[in-house]
Amino acid sequence: MERTFSRWKIQGLNRLDLSKKGSVDEDIKHVASLLNSCEQFFTTSSCSGRIILIDGMSALSRSFGVAVLKFEPFVLHVQCRRLEDAQLLHSVAVNSGFKNSGLTVGKTGKIILAVRSTHGLEVPLSRDGKLLVDGDYIQFLTQIANQKMEENLRRIQRFFQNLQSALSAERPYIPDSPGTQERQDSRHTHKTGRRGEQGANEQNQLNLYKQKQRRQQHETDGYHGDGDSSLLELDDCLNLFT
């Protein structure tokens, strides 16, 4: 399956762009480049969004069909290597505002994730050559369509940023190099050795103190004076701190 997906990706990316423009829209080039640079994805079709409006009232009046003002939001189709990859991309799309996104699995095993939104606009303006609205209303609809396009571009950028974060989180953990680990082990051993030496010195001082206490207790057995002879000498006290 891995080899099959790799073959599909090579064929897909080398295929001639059959769209009228013949290239990826400028507003989503960075999105397509990021996806196509990942081994688990490649784009199959895309549109950054568009507004379709017949220019001029006279043209609308001459229309023999139904003239429609349309705003079509961003749409992107991505083929994914595994179902887990499609689920990751679907989560990113939904969290970025593209609530109508979904995936399909073909009979040949192709997994396609469609990134789609629901904030489109479609308003009929004429019917059978008769204009149904006035110029002011068309201007109002144009403003609404432009606002939707601005929101569309914000969602595209949000999708790109969320996709970057999701792909970074998927990277495997890289352990420290062997040289780094050896240096850490060396520092740990050195610190442990110093602590061991310090502990031995403290134990020697404690043994010295106990010996002096036993010797002085033996020398003063049976003596009930002012107790001065039971005190440690100054030199012995100093030895405890050196």
# chains A, B, ... in the order shown; residues from 1 in each chain; ligands from 1
>>> select_by_dssp(residues="segment 57-174 of chain A", states="alpha helix (DSSP H)", output="ChimeraX atom specification")
/A:57-62,83-95,135-169
>>> write_last_selection(atoms="C-alpha atoms", output="mmCIF file, in the first residue's frame")
data_model
loop_
_atom_site.group_PDB
_atom_site.id
_atom_site.type_symbol
_atom_site.label_atom_id
_atom_site.label_comp_id
_atom_site.auth_asym_id
_atom_site.auth_seq_id
_atom_site.Cartn_x
_atom_site.Cartn_y
_atom_site.Cartn_z
ATOM 1 C CA MET A 57 -27.204 46.045 -15.394
ATOM 2 C CA SER A 58 -27.696 45.906 -19.169
ATOM 3 C CA ALA A 59 -26.006 42.505 -19.311
ATOM 4 C CA LEU A 60 -28.293 41.272 -16.556
ATOM 5 C CA SER A 61 -31.344 42.526 -18.424
ATOM 6 C CA ARG A 62 -30.296 40.694 -21.606
ATOM 7 C CA LEU A 83 -7.040 6.766 7.417
ATOM 8 C CA GLU A 84 -5.244 8.171 10.487
ATOM 9 C CA ASP A 85 -3.652 10.868 8.305
ATOM 10 C CA ALA A 86 -7.061 11.816 6.885
ATOM 11 C CA GLN A 87 -8.536 12.016 10.388
ATOM 12 C CA LEU A 88 -5.754 14.351 11.483
ATOM 13 C CA LEU A 89 -6.332 16.626 8.496
ATOM 14 C CA HIS A 90 -10.110 16.530 9.009
ATOM 15 C CA SER A 91 -9.708 17.623 12.632
ATOM 16 C CA VAL A 92 -7.483 20.524 11.571
ATOM 17 C CA ALA A 93 -10.003 21.599 8.918
ATOM 18 C CA VAL A 94 -13.017 21.522 11.240
ATOM 19 C CA ASN A 95 -11.170 23.380 14.007
ATOM 20 C CA GLY A 135 -28.893 48.287 -8.458
ATOM 21 C CA ASP A 136 -28.726 49.165 -4.765
ATOM 22 C CA TYR A 137 -29.499 45.589 -3.792
ATOM 23 C CA ILE A 138 -26.811 44.285 -6.106
ATOM 24 C CA GLN A 139 -24.301 46.652 -4.483
ATOM 25 C CA PHE A 140 -25.412 45.388 -1.071
ATOM 26 C CA LEU A 141 -24.936 41.766 -2.143
ATOM 27 C CA THR A 142 -21.501 42.613 -3.512
ATOM 28 C CA GLN A 143 -20.469 44.025 -0.133
ATOM 29 C CA ILE A 144 -21.716 40.873 1.602
ATOM 30 C CA ALA A 145 -19.773 38.704 -0.852
ATOM 31 C CA ASN A 146 -16.584 40.714 -0.264
ATOM 32 C CA GLN A 147 -16.965 40.341 3.504
ATOM 33 C CA LYS A 148 -17.363 36.603 3.080
ATOM 34 C CA MET A 149 -14.196 36.496 0.978
ATOM 35 C CA GLU A 150 -12.256 38.294 3.730
ATOM 36 C CA GLU A 151 -13.486 35.755 6.279
ATOM 37 C CA ASN A 152 -12.594 32.994 3.843
ATOM 38 C CA LEU A 153 -8.986 34.203 3.632
ATOM 39 C CA ARG A 154 -8.759 34.391 7.432
ATOM 40 C CA ARG A 155 -9.910 30.779 7.682
ATOM 41 C CA ILE A 156 -7.332 29.704 5.113
ATOM 42 C CA GLN A 157 -4.564 31.282 7.188
ATOM 43 C CA ARG A 158 -5.962 29.694 10.353
ATOM 44 C CA PHE A 159 -6.020 26.329 8.613
ATOM 45 C CA PHE A 160 -2.394 26.749 7.553
ATOM 46 C CA GLN A 161 -1.253 27.643 11.083
ATOM 47 C CA ASN A 162 -3.210 24.781 12.690
ATOM 48 C CA LEU A 163 -1.828 22.379 10.101
ATOM 49 C CA GLN A 164 1.725 23.450 10.923
ATOM 50 C CA SER A 165 1.100 22.848 14.628
ATOM 51 C CA ALA A 166 -0.503 19.440 14.034
ATOM 52 C CA LEU A 167 2.347 18.250 11.815
ATOM 53 C CA SER A 168 4.954 19.445 14.336
ATOM 54 C CA ALA A 169 3.211 17.493 17.109
#
>>> select_by_dssp(residues="segment 43-157 of chain A", states="strand (DSSP E)", output="PyMOL selection string")
chain A and resi 43-47+50-52+68-72+75-80+102-105+111-115+121-124+126-127+130-131
>>> write_last_selection(atoms="C-alpha atoms", output="CSV table (one decimal), in the first residue's frame")
chain,number,residue,atom,x,y,z
A,43,THR,CA,-3.3,17.8,-3.2
A,44,THR,CA,-5.5,16.8,-6.1
A,45,SER,CA,-7.6,20.0,-6.7
A,46,SER,CA,-8.1,23.3,-5.0
A,47,CYS,CA,-9.7,26.8,-5.3
A,50,ARG,CA,-14.2,33.3,-5.9
A,51,ILE,CA,-17.1,35.7,-6.5
A,52,ILE,CA,-19.0,35.4,-9.7
A,68,VAL,CA,-27.0,34.5,-10.1
A,69,LEU,CA,-24.5,36.2,-7.8
A,70,LYS,CA,-22.3,33.6,-6.2
A,71,PHE,CA,-19.6,33.5,-3.6
A,72,GLU,CA,-17.8,30.1,-3.5
A,75,VAL,CA,-12.2,24.1,-1.3
A,76,LEU,CA,-9.3,21.7,-1.2
A,77,HIS,CA,-9.1,18.0,-2.0
A,78,VAL,CA,-6.2,16.0,-0.5
A,79,GLN,CA,-5.3,12.4,-1.0
A,80,CYS,CA,-4.0,10.8,2.2
A,102,GLY,CA,-15.4,15.2,5.0
A,103,LEU,CA,-13.5,12.1,3.7
A,104,THR,CA,-14.3,9.3,1.3
A,105,VAL,CA,-12.6,6.0,0.6
A,111,ILE,CA,-8.6,8.2,0.8
A,112,ILE,CA,-9.7,11.7,-0.2
A,113,LEU,CA,-10.2,14.5,2.4
A,114,ALA,CA,-12.3,17.4,1.2
A,115,VAL,CA,-11.8,20.7,3.0
A,121,LEU,CA,-23.6,32.8,-1.1
A,122,GLU,CA,-25.9,32.3,-4.0
A,123,VAL,CA,-28.6,34.8,-4.9
A,124,PRO,CA,-30.7,34.9,-8.2
A,126,SER,CA,-32.8,37.8,-13.0
A,127,ARG,CA,-35.2,35.4,-14.6
A,130,LYS,CA,-36.3,40.2,-16.4
A,131,LEU,CA,-34.3,41.9,-13.6
>>> atom_distance(atom1="atom CA of Gly129 of chain A", atom2="atom CA of Ala67 of chain A")
8.6 Å
>>> closest_residue(among="A:Leu125, A:Leu53, A:Cys38, A:Val31", to="Lys9 of chain A", atoms="only C-alpha atoms")
A:Cys38
>>> residues_around(residues="Asn100 of chain A", least_positions_apart="6", cutoff="7 Å", atoms="only C-alpha atoms", output="PyMOL selection string")
chain A and resi 116-118
